[in-house]
Amino acid sequence: MASLNDLVNLNLSDTTEKIIAEYIWVGGSGMDLRSKARTLPKPVTKPSELPKWNYDGSSTNQAPGDDSEVILYPQAIFKDPFRKGNNILVMCDTYTPAGEPIPTNKRAAAAKIFSHPDVEAEVPWYGIEQEYTLLTRSNWPLGWPAGGFPGPQGPYYCGIGADKAFGRDIVDSHYKACLYAGINISGINGEVMPGQWEFQVGPSVGISAGDEVWVARYILERITEVAGVVVSFDPKPIPGDWNGAGAHTNYSTKSMREDGGIDVIKAAIKKLEARHSEHIAAYGEGNERRLTGHHETANINKFTWGVANRGASVRIGRDTEKDGKGYFEDRRPASNMDPYVVTSMIAETTILLDL
């Protein structure tokens with residue numbers, strides 16, 4: 001008799017051309033991911049081949065009960081690491097039946113910025129360092145004594161061993177699943193606070209950075225669901241002398257990557273300084289608990305930049321300084337930031353803003 005595991009892992013291509021497409025979207029909180037699946041008659045390779053779909057927006061805090069239909073527009077396709085075969089994950093954004101983006105659809109506004117000719121000409125690259133914390137179902141960090149605290153920070157960053165690294169099986173499963181899906185995940189590491197980890201997505205161009213980070217988060221949520229563990233993107237999950245969680249955003253344009261690019265980088269940083277308060281307001285909820293000027297952060301109220309300075313708002317790497325071209329890192333975004341908002345806002349400020 002077939003086991004549940006056998007049935008979950010059935011290879012559909014043995015008997016049918018039909019595939020399963022898991023449609024994914026961002027819910028009403030702006031951080032909760034939702035998804036549902038549908039059967040398609042045959043494999044597809046482009047979002048334009050996929051049908052639009054709808055869902056009950058009144059159940060996700062995205063529409064009133066008397067006009068609850070929200071329309072899903074397929075935007076990006078990834079291979080499904082859970083069902084495998086020709087099955088796919090589909091990142092969607094959300095619209096009213098009249099075709100207007102709903103308020104929580106941040107992708108639509110980002111796509112307008114990334115389609116601006118001046119932005120397209122600069123081919124903006126992003127590398128996003130997504131930090132997160134693994135929690136038990138009692139909402140305490142994985143590996144910590146129940147209701148108590150581990151030893152102080154120091155041995156956990158990139159640490160190995162059962163007393164330093166907690167949840168590596170989840171982290172490595174996520175890494176491989178993202179590679180399988182076609183996400184440009186470029187690495188993982190244990191973070192400073194025990195139970196906290198990071199994965200990096202990029203370099204990704206333009207709007208694809210947001211698509212890839214959201215789907216990587218979705219895959220992580222699904223894996224932790226299987227493992228019976230909770231993933232938190234809270235920027236400061238444990239108060240006190242513990243590091244927070246960020247989403248440092250590495251960024252460059254064509255002009256920055258060419259000879260003399262360091263001057264373009266410095267001009268871009270000046271623009272970021274001019275709009276510091278607007279960026280902070282868009283960089284994640286609860287970020288004031290993280291950006292204190294301690295634990296490798298700058299103070300939320302003051303914009304600073306420096307070379308190799310992890311206590312600054314924006315950091316330029318030593319290699320970029322030496323080569324006179326390259327990229328910089330915006331260290332302000334919180335772990336719960338919306339990657340569509342952050343990536344497009346950086347492009348808008350540094351490319352389209354005139355000082």
# chains A, B, ... in the order shown; residues from 1 in each chain; ligands from 1
$ residues_around --residues "Lys271 (chain A)" --least-positions-apart "5" --cutoff "8 Å" --atoms "only C-alpha atoms" --output "list of chain:residue names"
A:Thr349, A:Thr350, A:Leu353, A:Leu355
$ write_last_selection --atoms "N, CA, C and O atoms" --output "compact mmCIF listing (two decimals), in the first residue's frame"
# COMPACT_ATOMS: atom_id res chain seq x y z
N THR A 349 15.65 57.23 -6.18
CA THR A 349 16.42 58.28 -5.53
C THR A 349 17.76 58.52 -6.22
O THR A 349 18.17 59.65 -6.45
N THR A 350 18.46 57.43 -6.56
CA THR A 350 19.83 57.58 -7.06
C THR A 350 19.90 57.88 -8.55
O THR A 350 20.88 58.46 -9.02
N LEU A 353 16.25 61.21 -9.11
CA LEU A 353 16.21 62.43 -8.30
C LEU A 353 17.26 63.44 -8.72
O LEU A 353 18.43 63.10 -8.89
N LEU A 355 19.13 66.79 -7.45
CA LEU A 355 19.35 67.64 -6.26
C LEU A 355 19.59 69.08 -6.68
O LEU A 355 20.24 69.34 -7.69
$ residues_around --residues "region 295-297 of chain A" --least-positions-apart "4" --cutoff "12 Å" --atoms "only C-alpha atoms" --output "number ranges by chain"
A: 153-154, 192-193, 235-236, 239-248, 287-291, 301-305, 308-315, 330-334
$ closest_residue --among "A:Gly326, A:Pro51, A:Gly202, A:Gly306" --to "Gly261 (chain A)" --atoms "only C-alpha atoms"
A:Gly326
$ closest_residue --among "A:Val307, A:Ile20, A:Val213, A:Ala109" --to "Arg38 (chain A)" --atoms "only C-alpha atoms"
A:Ile20
$ select_by_dssp --residues "region 28-110 of chain A" --states "alpha helix (DSSP H)" --output "VMD selection string"
chain A and resid 107 to 110
$ closest_residue --among "A:Gly324, A:Pro64, A:Pro155, A:Gly182" --to "Val264 (chain A)" --atoms "only C-alpha atoms"
A:Gly324
$ residues_around --residues "Asp211 (chain A)" --least-positions-apart "2" --cutoff "8 Å" --atoms "only C-alpha atoms" --output "PDB file with N, CA, C and O atoms, in the first residue's frame"
ATOM      1  N   ALA A  76       5.896  36.185 -12.464  1.00  0.00           N
ATOM      2  CA  ALA A  76       7.189  35.480 -12.553  1.00  0.00           C
ATOM      3  C   ALA A  76       6.977  34.004 -12.227  1.00  0.00           C
ATOM      4  O   ALA A  76       6.173  33.661 -11.355  1.00  0.00           O
ATOM      5  N   MET A  91       4.740  33.842  -8.912  1.00  0.00           N
ATOM      6  CA  MET A  91       4.623  35.078  -8.136  1.00  0.00           C
ATOM      7  C   MET A  91       3.663  36.008  -8.859  1.00  0.00           C
ATOM      8  O   MET A  91       3.831  36.302 -10.046  1.00  0.00           O
ATOM      9  N   ILE A 207      13.284  44.615 -11.234  1.00  0.00           N
ATOM     10  CA  ILE A 207      12.114  44.054 -10.551  1.00  0.00           C
ATOM     11  C   ILE A 207      12.314  42.596 -10.156  1.00  0.00           C
ATOM     12  O   ILE A 207      11.684  42.105  -9.209  1.00  0.00           O
ATOM     13  N   SER A 208      13.209  41.892 -10.838  1.00  0.00           N
ATOM     14  CA  SER A 208      13.409  40.466 -10.533  1.00  0.00           C
ATOM     15  C   SER A 208      13.955  40.267  -9.123  1.00  0.00           C
ATOM     16  O   SER A 208      13.730  39.208  -8.517  1.00  0.00           O
ATOM     17  N   ALA A 209      14.664  41.262  -8.580  1.00  0.00           N
ATOM     18  CA  ALA A 209      15.174  41.133  -7.210  1.00  0.00           C
ATOM     19  C   ALA A 209      14.021  40.970  -6.230  1.00  0.00           C
ATOM     20  O   ALA A 209      14.054  40.114  -5.334  1.00  0.00           O
ATOM     21  N   VAL A 213      13.247  37.546  -3.957  1.00  0.00           N
ATOM     22  CA  VAL A 213      13.242  37.583  -2.491  1.00  0.00           C
ATOM     23  C   VAL A 213      11.903  37.102  -1.947  1.00  0.00           C
ATOM     24  O   VAL A 213      11.843  36.307  -1.002  1.00  0.00           O
ATOM     25  N   TRP A 214      10.788  37.545  -2.553  1.00  0.00           N
ATOM     26  CA  TRP A 214       9.476  37.102  -2.067  1.00  0.00           C
ATOM     27  C   TRP A 214       9.300  35.593  -2.215  1.00  0.00           C
ATOM     28  O   TRP A 214       8.795  34.919  -1.305  1.00  0.00           O
ATOM     29  N   VAL A 215       9.734  35.037  -3.337  1.00  0.00           N
ATOM     30  CA  VAL A 215       9.565  33.587  -3.529  1.00  0.00           C
ATOM     31  C   VAL A 215      10.534  32.818  -2.633  1.00  0.00           C
ATOM     32  O   VAL A 215      10.186  31.749  -2.109  1.00  0.00           O
ATOM     33  N   TYR A 340      10.179  45.015  -3.155  1.00  0.00           N
ATOM     34  CA  TYR A 340       9.743  45.853  -4.274  1.00  0.00           C
ATOM     35  C   TYR A 340       9.899  47.328  -3.918  1.00  0.00           C
ATOM     36  O   TYR A 340      10.356  48.135  -4.730  1.00  0.00           O
TER      37      TYR A 340
END
$ closest_residue --among "A:Asn189, A:Asn139, A:Thr320, A:Thr343" --to "Tyr156 (chain A)" --atoms "only C-alpha atoms"
A:Asn189
